[in-house]
Structure formats: C-alpha cells, structure tokens
>>> print(open('model_12.txt').read())   # compact mmCIF, C-alpha atoms
# COMPACT_ATOMS: atom_id res chain seq x y z
CA MET A 6 -9.46 -4.64 -30.17
CA LEU A 7 -9.84 -2.53 -27.05
CA PRO A 8 -8.30 0.94 -26.78
CA ALA A 9 -5.06 1.22 -24.82
CA GLY A 10 -5.65 1.06 -21.06
CA TYR A 11 -8.97 -0.81 -21.33
CA VAL A 12 -9.56 -4.43 -20.33
CA PRO A 13 -12.30 -6.94 -21.24
CA CYS A 14 -15.22 -6.48 -18.87
CA ASP A 15 -18.67 -7.96 -18.27
CA HIS A 16 -21.35 -5.61 -16.93
CA PHE A 17 -24.30 -6.89 -14.92
CA TRP A 18 -27.35 -4.81 -14.08
CA ILE A 19 -28.86 -5.32 -10.66
CA ALA A 20 -32.60 -5.05 -11.13
CA GLU A 21 -35.62 -5.55 -8.94
CA GLY A 22 -39.22 -5.32 -10.07
CA GLY A 23 -38.16 -4.10 -13.51
CA GLN A 24 -36.12 -1.25 -12.07
CA VAL A 25 -32.34 -0.98 -12.13
CA VAL A 26 -31.00 -0.51 -8.60
CA GLY A 27 -27.30 -0.93 -9.33
CA PHE A 28 -24.63 -2.55 -11.43
CA LEU A 29 -21.60 -4.76 -11.10
CA SER A 30 -18.59 -4.96 -13.39
CA PHE A 31 -16.36 -8.01 -13.72
CA ARG A 32 -13.04 -7.14 -15.32
CA ARG A 33 -11.51 -10.22 -16.88
CA GLU A 34 -8.01 -8.76 -16.63
CA ILE A 35 -6.44 -6.15 -14.41
CA ASN A 36 -3.81 -3.75 -15.66
CA ASP A 37 -1.42 -1.74 -13.50
CA TYR A 38 -4.02 0.95 -12.73
CA LEU A 39 -6.75 -1.57 -11.83
CA ARG A 40 -4.29 -3.52 -9.70
CA ARG A 41 -3.98 -0.39 -7.58
CA PHE A 42 -7.39 1.26 -7.78
CA GLY A 43 -10.08 -1.04 -9.15
CA GLY A 44 -9.50 -4.76 -9.12
CA HIS A 45 -11.51 -7.37 -10.96
CA ILE A 46 -14.90 -6.39 -9.52
CA GLY A 47 -16.55 -3.02 -9.07
CA TYR A 48 -20.11 -2.26 -8.04
CA SER A 49 -22.57 0.46 -7.14
CA VAL A 50 -26.12 0.63 -5.82
CA VAL A 51 -28.43 3.63 -5.89
CA PRO A 52 -28.19 5.44 -2.54
CA SER A 53 -31.83 4.80 -1.59
CA ARG A 54 -31.29 1.02 -1.84
CA ARG A 55 -28.04 0.67 0.07
CA ARG A 56 -27.79 -1.41 3.26
CA GLU A 57 -30.31 -3.97 1.93
CA GLY A 58 -27.83 -6.72 1.03
CA ILE A 59 -28.23 -6.12 -2.69
CA VAL A 60 -24.49 -5.96 -3.41
CA ARG A 61 -23.78 -8.85 -1.05
CA GLU A 62 -25.97 -11.12 -3.20
CA ALA A 63 -24.72 -9.72 -6.51
CA LEU A 64 -21.13 -10.21 -5.37
CA ARG A 65 -21.85 -13.78 -4.28
CA LEU A 66 -23.24 -14.56 -7.75
CA THR A 67 -20.30 -12.85 -9.45
CA LEU A 68 -17.79 -14.83 -7.39
CA ARG A 69 -19.55 -18.01 -8.48
CA PHE A 70 -19.37 -16.78 -12.10
CA ALA A 71 -15.64 -16.01 -11.76
CA ARG A 72 -14.94 -19.46 -10.31
CA LYS A 73 -16.79 -21.11 -13.22
CA GLU A 74 -14.76 -18.97 -15.61
CA GLY A 75 -11.57 -20.45 -14.13
CA TYR A 76 -10.38 -17.70 -11.79
CA ASP A 77 -8.58 -18.82 -8.62
CA ARG A 78 -8.88 -15.45 -6.92
CA VAL A 79 -10.10 -11.94 -7.63
CA MET A 80 -9.14 -8.49 -6.41
CA LEU A 81 -11.53 -5.81 -5.15
CA THR A 82 -10.78 -2.33 -3.85
CA CYS A 83 -12.71 0.26 -1.89
CA ASP A 84 -12.12 3.58 -0.23
CA ASP A 85 -10.70 3.30 3.26
CA ASP A 86 -13.68 5.21 4.66
CA ASN A 87 -16.39 3.14 2.91
CA VAL A 88 -17.60 1.03 5.83
CA GLY A 89 -20.36 -0.62 3.78
CA SER A 90 -17.98 -1.89 1.11
CA ILE A 91 -15.43 -2.97 3.70
CA ARG A 92 -18.10 -5.12 5.38
CA THR A 93 -19.36 -6.47 2.05
CA ILE A 94 -15.91 -7.44 0.79
CA GLU A 95 -14.76 -8.91 4.10
CA GLY A 96 -18.09 -10.74 4.46
CA ALA A 97 -17.43 -12.37 1.07
CA GLY A 98 -14.05 -13.62 2.28
CA GLY A 99 -11.90 -10.68 1.24
CA GLU A 100 -8.43 -10.68 2.79
CA LEU A 101 -6.88 -7.23 3.10
CA GLU A 102 -3.62 -7.01 1.19
CA ASP A 103 -2.84 -3.39 2.07
CA VAL A 104 -4.06 0.20 2.23
CA ILE A 105 -2.46 2.56 -0.29
CA ASP A 106 -2.59 6.25 -1.11
CA ALA A 107 -5.44 7.38 -3.37
CA PRO A 108 -4.84 8.22 -7.04
CA GLU A 109 -5.80 11.85 -6.37
CA ALA A 110 -4.57 14.03 -3.51
CA GLY A 111 -7.30 14.60 -0.93
CA ASP A 112 -9.21 11.40 -1.77
CA PRO A 113 -9.51 8.61 0.81
CA ARG A 114 -6.84 5.92 0.91
CA VAL A 115 -7.65 2.71 -0.96
CA ARG A 116 -8.04 -0.74 0.61
CA ARG A 117 -6.99 -3.65 -1.63
CA TYR A 118 -8.48 -7.09 -1.04
CA TRP A 119 -8.14 -10.54 -2.56
CA ILE A 120 -10.89 -13.15 -2.44
CA GLU A 121 -9.86 -16.77 -2.89
CA LEU A 122 -12.50 -18.59 -4.94
CA ARG A 123 -13.28 -21.70 -2.94
CA ALA A 124 -16.41 -23.79 -3.17
CA THR A 125 -17.84 -21.91 -0.17
CA ASN A 126 -18.18 -18.51 -1.97
>>> encode(input="model_12.txt", output="structure tokens")
Amino acid sequence: MLPAGYVPCDHFWIAEGGQVVGFLSFRREINDYLRRFGGHIGYSVVPSRRREGIVREALRLTLRFARKEGYDRVMLTCDDDNVGSIRTIEGAGGELEDVIDAPEAGDPRVRRYWIELRATN
C-alpha cells in the first residue's frame, strides 16, 4: 500500500556507456496534484547532456510502453519557460491543454499537455 498522495510509478534510468545520464518516471495514475503539476511522465537529463535528443528517444520508448500497457493518452507538464521541454513534448505529439499558475509564487507558469497514443508515437 502506498502512502497517501503517492501513485504507482515506474522509473527508468537513461544510461549510455554504463553511465546514467538521466531518468524518466511513468506514473500509472495521476492524482489531483499530478493532474496540475506533473502528469503521467516526468524526466530529467544531466545538464551536460541536454540538447542531444536523449529525452526525445526515451519519451518515444515510454509512449510505446504506455500504449502497450493500455493507455489511450498521457499527460505531461513543463514550466512555461522551458523551451527544450516544450519542443520535446510538442515534437512527440503533445497538444497544449492550458497554461496554469505555478504551485509556488514566483515560479514559472506550468504548461499542461496531452499526448494521444496512436500507432505513430
């Protein structure tokens, strides 16, 4: 049994040449908080390895995994000023639902996307 506020989640390490360069989380459920500020999928890559397409490929594989697990669509979020994530999510077919205020005052607004899981992802 998970503690209150937690959801089932799969974690995937992104590794290259035996070295971890990032991670990706696939949340099998989204609660009210994740519906606003997290979504089904979250990811991060070490700063020195950004802009190499690493997350693009990891996201593509995770979307395939989600489709095989029976999901029709998944939600992702990113900060409104994170150009790299905006491009990655939109490049994977993300459709912007809206832009909402951040959970903490002074933080960037949050973009919420849905990706339909078609055979092309």
>>> residues_around(input="model_12.txt", residues="Gln24 in chain A", least_positions_apart="5", cutoff="12 Å", atoms="only C-alpha atoms", output="ChimeraX atom specification")
/A:18-19,50-51,54
>>> atom_distance(input="model_12.txt", atom1="CA of Ile91 in chain A", atom2="CA of Arg116 in chain A")
8.3 Å
>>> residues_around(input="model_12.txt", residues="Glu21 in chain A", least_positions_apart="4", cutoff="12 Å", atoms="all atoms listed in the file", output="list in words")
Val25, Val26, Gly27, Phe28, Val50, Arg54, Ile59 and Ala63 of chain A
>>> closest_residue(input="model_12.txt", among="A:Arg78, A:Arg65, A:Arg117, A:Arg123", to="Ala97 in chain A", atoms="all atoms listed in the file")
A:Arg65
>>> closest_residue(input="model_12.txt", among="A:Glu109, A:Gly23, A:Phe70, A:Val88", to="Arg55 in chain A", atoms="all atoms listed in the file")
A:Val88
>>> closest_residue(input="model_12.txt", among="A:Asn36, A:Pro108, A:Ile120, A:Glu95", to="Arg72 in chain A", atoms="all atoms listed in the file")
A:Ile120
>>> closest_residue(input="model_12.txt", among="A:Glu57, A:Ser49, A:Gly43, A:Gly10", to="Val115 in chain A", atoms="all atoms listed in the file")
A:Gly43
>>> residues_around(input="model_12.txt", residues="Tyr11 in chain A", least_positions_apart="3", cutoff="12 Å", atoms="only C-alpha atoms", output="list of chain:residue names")
A:Met6, A:Leu7, A:Pro8, A:Cys14, A:Arg32, A:Arg33, A:Glu34, A:Ile35, A:Asn36, A:Asp37, A:Tyr38, A:Leu39
>>> atom_distance(input="model_12.txt", atom1="CA of Ser53 in chain A", atom2="CA of Tyr118 in chain A")
26.2 Å
>>> atom_distance(input="model_12.txt", atom1="CA of Asn87 in chain A", atom2="CA of Pro13 in chain A")
26.5 Å
>>> closest_residue(input="model_12.txt", among="A:Leu81, A:Ile46, A:Arg41, A:Leu68", to="Asp15 in chain A", atoms="only C-alpha atoms")
A:Ile46
>>> closest_residue(input="model_12.txt", among="A:Gly47, A:Gly75, A:Pro113, A:Pro52", to="Ile94 in chain A", atoms="only C-alpha atoms")
A:Gly47
>>> axis_aligned_box(input="model_12.txt", around="range 20-36 of chain A", padding_each_side="4 Å", output="AutoDock Vina command-line options")
--center_x -21.5 --center_y -5.4 --center_z -12.7 --size_x 43.4 --size_y 17.7 --size_z 16.3
